[in-house]
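Colleague: So I've got this file, structure_0.txt, and it contains compact mmCIF, C-alpha atoms and all ligand atoms:
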# COMPACT_ATOMS: atom_id res chain seq x y z
CA MET A 14 1.54 15.58 2.85
CA GLU A 15 2.30 13.44 5.82
CA LYS A 16 5.59 12.20 4.48
CA ASP A 17 7.08 15.73 4.53
CA ALA A 18 6.91 16.00 8.28
CA ARG A 19 8.17 12.57 9.27
CA LYS A 20 9.99 12.11 12.51
CA ASP A 21 12.20 9.15 13.25
CA PRO A 22 9.95 6.12 12.99
CA VAL A 23 9.31 4.07 16.10
CA PRO A 24 9.88 0.33 15.61
CA LEU A 25 7.10 -1.94 16.80
CA SER A 26 7.75 -5.32 18.30
CA ALA A 27 5.51 -8.16 17.20
CA ARG A 28 3.89 -8.04 20.60
CA THR A 29 3.10 -4.33 20.27
CA LEU A 30 1.79 -4.81 16.76
CA GLU A 31 -0.39 -7.65 17.87
CA ALA A 32 -1.66 -5.55 20.75
CA SER A 33 -2.43 -2.65 18.48
CA LEU A 34 -4.38 -4.92 16.15
CA ARG A 35 -6.22 -6.99 18.72
CA THR A 36 -6.61 -5.05 21.93
CA GLY A 37 -6.68 -1.53 23.31
CA PRO A 38 -9.02 1.20 22.17
CA ARG A 39 -9.23 -0.17 18.64
CA ALA A 40 -10.48 -3.57 19.75
CA ALA A 41 -14.14 -2.66 19.68
CA ARG A 42 -14.06 -2.21 15.93
CA THR A 43 -11.18 -4.46 14.94
CA PRO A 44 -11.82 -8.11 14.24
CA ALA A 45 -9.05 -10.24 15.71
CA VAL A 46 -6.40 -11.15 13.20
CA SER A 47 -3.83 -13.83 13.67
CA LEU A 48 -0.25 -12.69 13.74
CA ARG A 49 2.86 -14.78 13.39
CA THR A 50 5.07 -13.73 16.22
CA GLY A 51 7.83 -16.32 16.18
CA PRO A 52 10.14 -17.57 13.47
CA SER A 53 8.28 -19.04 10.52
CA GLN A 54 7.50 -22.71 11.02
CA PRO A 55 6.29 -24.89 8.18
CA SER A 56 2.61 -25.50 8.77
CA MET A 57 -0.51 -26.64 6.99
CA TRP A 58 -1.03 -22.98 6.18
CA ASP A 59 2.31 -22.82 4.35
CA LEU A 60 1.49 -25.96 2.44
CA ALA A 61 -1.72 -24.30 1.34
CA ASP A 62 0.18 -21.22 0.13
CA ASP A 63 -0.85 -21.17 -3.50
CA ALA A 64 -0.83 -17.42 -4.10
CA THR A 65 -0.65 -16.78 -7.85
CA LEU A 66 -0.71 -13.84 -10.23
CA GLY A 67 -3.06 -13.51 -13.15
CA THR A 68 -2.06 -12.05 -16.52
CA LEU A 69 -1.88 -8.30 -17.00
CA ALA A 70 -1.98 -8.03 -20.79
CA GLY A 71 -5.52 -7.56 -22.07
CA ARG A 72 -6.99 -7.44 -18.56
CA VAL A 73 -5.77 -4.15 -17.10
CA VAL A 74 -8.24 -1.32 -17.77
CA ARG A 75 -6.83 2.19 -18.22
CA HIS A 76 -8.76 5.24 -17.06
CA GLU A 77 -7.47 8.45 -18.64
CA LEU A 78 -7.73 11.40 -16.25
CA SER A 79 -7.04 15.07 -17.08
CA HIS A 80 -3.60 16.68 -17.57
CA GLY A 81 -1.92 13.52 -18.81
CA ALA A 82 -2.66 11.47 -15.69
CA TRP A 83 -4.08 7.95 -15.84
CA VAL A 84 -5.03 5.06 -13.55
CA ASP A 85 -4.86 1.38 -14.47
CA HIS A 86 -7.10 -0.98 -12.50
CA LEU A 87 -7.22 -4.78 -12.33
CA PRO A 88 -9.41 -6.25 -9.58
CA GLY A 89 -8.38 -9.76 -8.51
CA TRP A 90 -4.89 -9.77 -10.00
CA VAL A 91 -3.65 -11.98 -7.13
CA SER A 92 -5.43 -15.23 -6.26
CA GLY A 93 -4.82 -16.95 -2.94
CA SER A 94 -4.06 -13.58 -1.33
CA ASP A 95 -4.77 -14.87 2.20
CA ALA A 96 -1.33 -16.47 2.36
CA VAL A 97 0.34 -13.16 1.45
CA LEU A 98 -1.76 -11.19 3.93
CA ASP A 99 -0.89 -13.69 6.65
CA VAL A 100 2.80 -12.95 6.16
CA LEU A 101 2.29 -9.19 5.85
CA LEU A 102 0.40 -9.10 9.15
CA GLY A 103 3.31 -10.77 10.87
CA ASP A 104 6.46 -9.38 12.40
CA ILE A 105 7.99 -7.79 9.29
CA GLY A 106 9.23 -4.66 11.04
CA TRP A 107 6.21 -2.40 10.96
CA ARG A 108 6.92 1.07 12.31
CA GLU A 109 4.83 3.90 13.56
CA ASP A 110 5.77 7.29 12.14
CA ARG A 111 5.19 10.47 14.09
CA ARG A 112 4.69 13.95 12.75
CA GLN A 113 4.40 17.43 14.12
CA MET A 114 0.89 18.84 14.13
CA TYR A 115 0.98 22.42 15.40
CA GLU A 116 2.30 22.15 18.98
CA ARG A 117 1.88 18.39 19.29
CA GLU A 118 3.66 15.36 17.92
CA VAL A 119 1.09 12.82 16.76
CA ALA A 120 1.27 9.28 15.42
CA VAL A 121 0.66 8.93 11.69
CA PRO A 122 -2.53 6.85 11.44
CA ARG A 123 -1.12 3.72 9.78
CA LEU A 124 2.00 1.58 10.16
CA LEU A 125 4.81 1.63 7.63
CA ARG A 126 7.49 -0.68 6.31
CA TRP A 127 9.84 0.30 3.49
CA TYR A 128 11.75 -2.23 1.38
CA GLY A 129 14.57 -0.89 -0.76
CA GLY A 130 15.41 -2.74 -3.95
CA SER A 131 18.11 -4.94 -2.43
CA GLU A 132 16.00 -6.25 0.47
CA THR A 133 14.16 -9.55 0.00
CA LEU A 134 10.41 -9.01 0.07
CA PRO A 135 8.52 -10.92 2.77
CA HIS A 136 6.55 -13.15 0.38
CA PRO A 137 7.82 -14.53 -2.96
CA LEU A 138 4.59 -13.54 -4.68
CA LEU A 139 5.56 -9.90 -4.13
CA THR A 140 8.88 -10.45 -5.89
CA ASP A 141 7.02 -12.12 -8.75
CA ALA A 142 4.53 -9.24 -8.83
CA ARG A 143 7.31 -6.66 -9.18
CA GLU A 144 8.84 -8.74 -11.98
CA ALA A 145 5.51 -9.05 -13.79
CA LEU A 146 4.92 -5.30 -13.44
CA ASN A 147 8.39 -4.64 -14.84
CA ARG A 148 7.73 -6.87 -17.83
CA TYR A 149 4.36 -5.27 -18.56
CA TYR A 150 5.12 -1.61 -17.82
CA GLY A 151 8.87 -1.55 -18.62
CA PRO A 152 8.51 -0.36 -22.24
CA GLU A 153 6.23 2.49 -21.19
CA LEU A 154 7.96 3.38 -17.92
CA GLY A 155 11.48 3.19 -19.35
CA GLU A 156 12.89 2.00 -16.02
CA ARG A 157 12.16 -0.59 -13.37
CA PHE A 158 9.98 -0.65 -10.28
CA VAL A 159 12.49 -1.03 -7.45
CA SER A 160 11.24 -0.19 -3.95
CA ALA A 161 8.22 -1.62 -2.15
CA GLY A 162 6.65 0.75 0.37
CA MET A 163 4.08 -0.95 2.58
CA CYS A 164 1.32 0.58 4.70
CA LEU A 165 -0.79 -1.27 7.26
CA TYR A 166 -4.22 0.24 7.92
CA ARG A 167 -5.20 -1.50 11.15
CA ASP A 168 -8.87 -0.53 10.95
CA GLY A 169 -11.15 2.20 9.62
CA ARG A 170 -9.47 4.85 11.75
CA ASP A 171 -6.23 4.45 9.82
CA SER A 172 -6.04 6.53 6.65
CA VAL A 173 -3.87 8.70 4.45
CA ALA A 174 -4.82 12.30 3.69
CA TRP A 175 -4.89 13.86 0.21
CA HIS A 176 -1.40 13.99 -1.27
CA GLY A 177 0.70 13.21 -4.35
CA ASP A 178 3.82 11.06 -4.09
CA ARG A 179 6.06 14.05 -4.74
CA ILE A 180 9.16 13.29 -2.75
CA GLY A 181 11.86 12.86 -5.38
CA ARG A 182 11.21 12.68 -9.10
CA GLY A 183 7.44 12.41 -8.81
CA ARG A 184 7.45 16.13 -8.05
CA SER A 185 8.69 17.15 -11.49
CA ALA A 186 8.48 14.21 -13.87
CA ASP A 187 5.92 11.65 -15.03
CA THR A 188 6.28 8.32 -13.24
CA MET A 189 4.27 5.30 -12.09
CA VAL A 190 3.28 3.98 -8.67
CA ALA A 191 1.84 0.43 -8.71
CA ILE A 192 -0.22 -0.65 -5.70
CA VAL A 193 -1.25 -4.19 -4.80
CA SER A 194 -3.82 -4.30 -2.02
CA PHE A 195 -4.35 -7.10 0.53
CA GLY A 196 -6.99 -7.51 3.21
CA SER A 197 -10.12 -5.51 3.88
CA PRO A 198 -11.33 -3.46 0.92
CA ARG A 199 -10.78 0.29 1.16
CA PRO A 200 -11.40 2.85 -1.59
CA LEU A 201 -8.57 4.85 -3.15
CA LEU A 202 -9.90 8.32 -3.96
CA LEU A 203 -8.38 10.59 -6.60
CA ARG A 204 -9.07 14.26 -7.30
CA PRO A 205 -7.38 16.97 -9.34
CA ALA A 206 -4.58 18.67 -7.35
CA GLY A 207 -6.06 21.48 -5.29
CA GLY A 208 -9.55 20.02 -5.26
CA GLY A 209 -12.40 18.97 -7.51
CA GLN A 210 -14.71 16.05 -7.97
CA SER A 211 -13.16 12.83 -6.74
CA LEU A 212 -12.99 9.44 -8.42
CA ARG A 213 -13.22 6.25 -6.39
CA PHE A 214 -11.33 3.03 -7.08
CA PRO A 215 -12.34 0.21 -4.77
CA LEU A 216 -9.22 -1.71 -3.71
CA GLY A 217 -9.99 -5.23 -2.56
CA HIS A 218 -7.95 -8.29 -1.58
CA GLY A 219 -5.49 -8.98 -4.44
CA ASP A 220 -6.40 -5.94 -6.56
CA LEU A 221 -3.91 -3.91 -8.60
CA VAL A 222 -4.04 -0.18 -9.26
CA VAL A 223 -1.34 1.79 -11.06
CA MET A 224 -1.17 5.59 -11.04
CA GLY A 225 0.74 6.86 -14.05
CA GLY A 226 1.61 9.78 -16.29
CA SER A 227 1.41 13.09 -14.43
CA CYS A 228 -0.83 11.60 -11.71
CA GLN A 229 1.49 12.40 -8.78
CA ARG A 230 1.86 16.05 -9.85
CA THR A 231 -1.54 16.95 -11.26
CA TRP A 232 -3.78 14.76 -9.11
CA GLU A 233 -3.95 13.83 -5.42
CA HIS A 234 -4.99 10.56 -3.82
CA SER A 235 -6.18 9.50 -0.37
CA ILE A 236 -7.51 6.56 1.64
CA PRO A 237 -10.28 8.05 3.78
CA LYS A 238 -11.18 6.94 7.27
CA THR A 239 -14.39 4.96 7.64
CA VAL A 240 -16.71 4.20 10.54
CA LYS A 241 -17.57 0.87 8.95
CA PRO A 242 -16.16 -2.13 10.84
CA VAL A 243 -13.27 -2.94 8.50
CA GLY A 244 -10.39 -5.24 9.28
CA PRO A 245 -6.72 -4.65 8.45
CA ARG A 246 -5.54 -3.75 4.97
CA VAL A 247 -1.96 -3.79 3.67
CA SER A 248 -1.02 -1.70 0.65
CA VAL A 249 2.16 -2.66 -1.22
CA GLN A 250 3.42 0.15 -3.45
CA PHE A 251 6.10 -0.44 -6.06
CA ARG A 252 8.00 2.64 -7.24
CA PRO A 253 11.04 3.31 -9.43
CA ALA A 254 14.26 4.40 -7.69
CA GLY A 255 14.13 8.04 -6.62
CA VAL A 256 10.33 8.18 -6.41
CA ALA A 257 8.62 8.22 -3.01
O1 LIG B 1 -2.87 2.77 0.78
C1 LIG B 1 -2.65 2.97 -0.41
O2 LIG B 1 -2.89 2.15 -1.27
C2 LIG B 1 -2.05 4.31 -0.82
C3 LIG B 1 -0.89 4.73 0.04
C4 LIG B 1 -0.25 5.99 -0.45
O3 LIG B 1 -0.81 6.73 -1.19
C5 LIG B 1 1.13 6.33 -0.04
O4 LIG B 1 1.66 5.68 0.88
O5 LIG B 1 1.72 7.22 -0.64
FE FE B 2 0.56 8.06 -2.11
Kindly return the structure encoded in the file as structure tokens.

Modeller:
Amino acid sequence: MEKDARKDPVPLSARTLEASLRTGPRAARTPAVSLRTGPSQPSMWDLADDATLGTLAGRVVRHELSHGAWVDHLPGWVSGSDAVLDVLLGDIGWREDRRQMYEREVAVPRLLRWYGGSETLPHPLLTDAREALNRYYGPELGERFVSAGMCLYRDGRDSVAWHGDRIGRGRSADTMVAIVSFGSPRPLLLRPAGGGQSLRFPLGHGDLVVMGGSCQRTWEHSIPKTVKPVGPRVSVQFRPAGVA
């Protein structure tokens, strides 16, 4: 998977990020998005920030897959997601990873930002989301979600290839990866490891999906590229310590 071949990530300034979202070769298919480039100023937008979480109990639907893998899905878990997306599309330290592909070093087609457990998340709703996930899944998971890995898919050309999250304990033990999606809808595809018929979970603005059981070992997931004119999407992935 892409993560195995990571080079040192290249930090992006707000100006570069804005340019990569609004101008350059991607512009033809990328709707303009507004980016906060300076320090946060209180604004009407902030006053209107009423992002809230719905309840999980009784609303999350579990899909049992083969080999002890499962996927939980709750569309519309977050309401008022625009305020969260606005922050996530700002200058939060997005980086471009590079990886070796045969003779060439190429940019990984999405931007990344990793928050360890001790770093404050960029929007309080995300801290609340991790807490709510810990309350709901704690008894089954037996540990806490700690890190928040974030991916920014700038447009339909950004993607992630088939992989399992198998760096660390996901390689050998059951675990969970909880994803909250913001921005343009993109489908998360899942297929049995090594190939097979794929399942499709549409991930829209404010939706929750949780991959659990043996999912990272016995199944693979991907976000395919699309030629449809889609805007940016940010995926926030909560994982326990030692899972990546
Ligand atoms: O974009 C997503 O929701 C999935 C990202 C993913 O699978 C990963 O970063 O490991
Ligand atoms: Fe993944």

Colleague: Would you work out the distance separating CA of Arg179 (chain A) from CA of Cys164 (chain A), expressed in Å to one decimal?

Modeller: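 Between these atoms lies a distance of 17.1 Å.
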
Colleague: Can you work out which one of A:Gly93, A:Gly177, A:Gly155, A:Gly169 has the shortest atom-to-atom distance to ligand FE 2 (chain B), counting only C-alpha atoms and all ligand atoms?

Modeller: A:Gly177

Colleague: Please find the residues contacting ligand LIG 1 (chain B) at a distance of at most 8 Å between atoms, with only C-alpha atoms and all ligand atoms counted, and report them as an MDAnalysis selection string.

Modeller: chainID A and resid 162:166 172:173 176:178 192:194 201 216 234:236 247:250 257

Colleague: For Thr133 (chain A), please output as a list of chain:residue names all residues within 12 Å (counting only C-alpha atoms; exclusion window: fewer than 4 positions along the same chain).

Modeller: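 Counting only C-alpha atoms, the residues come to A:Ile105, A:Trp127, A:Tyr128, A:Gly129, A:Pro137, A:Leu138, A:Leu139, A:Thr140, A:Asp141, A:Arg143, A:Val159, A:Ser160, A:Ala161.
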
Colleague: Which residues come within 8 Å of region 237-244 of chain A, counting only C-alpha atoms, excluding same-chain residues fewer than 3 positions away, as a count of residues only?

Modeller: 17

Colleague: Could you check how far CA of Pro122 (chain A) sits from CA of Arg204 (chain A), in Å to one decimal?

Modeller: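 CA of Arg204 (chain A) lies 21.2 Å from CA of Pro122 (chain A).
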
Colleague: In Å, rounded to a single decimal, give me how far CA of Glu109 (chain A) is from CA of Val91 (chain A).

Modeller: 27.4 Å

Colleague: Within 12 Å of Ala145 (chain A), counting all atoms listed in the file, which residues show up once you throw out same-chain ones fewer than 3 positions away? Write them as JSON, numbers by chain, please.

Modeller: {"A": [65, 66, 67, 68, 69, 70, 90, 91, 138, 139, 140, 141, 142, 148, 149, 150, 151, 157, 158, 191, 221, 251]}

Colleague: Mind working out the centre and edge lengths of an axis-aligned box for region 155-163 of chain A, all listed atoms inside, 5 Å added to each side, rounded to one decimal in Å and written as lines of an AutoDock Vina configuration file?

Modeller:
center_x = 8.5
center_y = 0.8
center_z = -8.4
size_x = 18.8
size_y = 14.8
size_z = 31.9

Colleague: Find, counting only C-alpha atoms, the residue in A:Pro152, A:Gly81, A:Gly71, A:Gly225 that gets nearest to Gly183 (chain A).

Modeller: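 Distance minimum relative to Gly183 (chain A) lands on A:Gly225.
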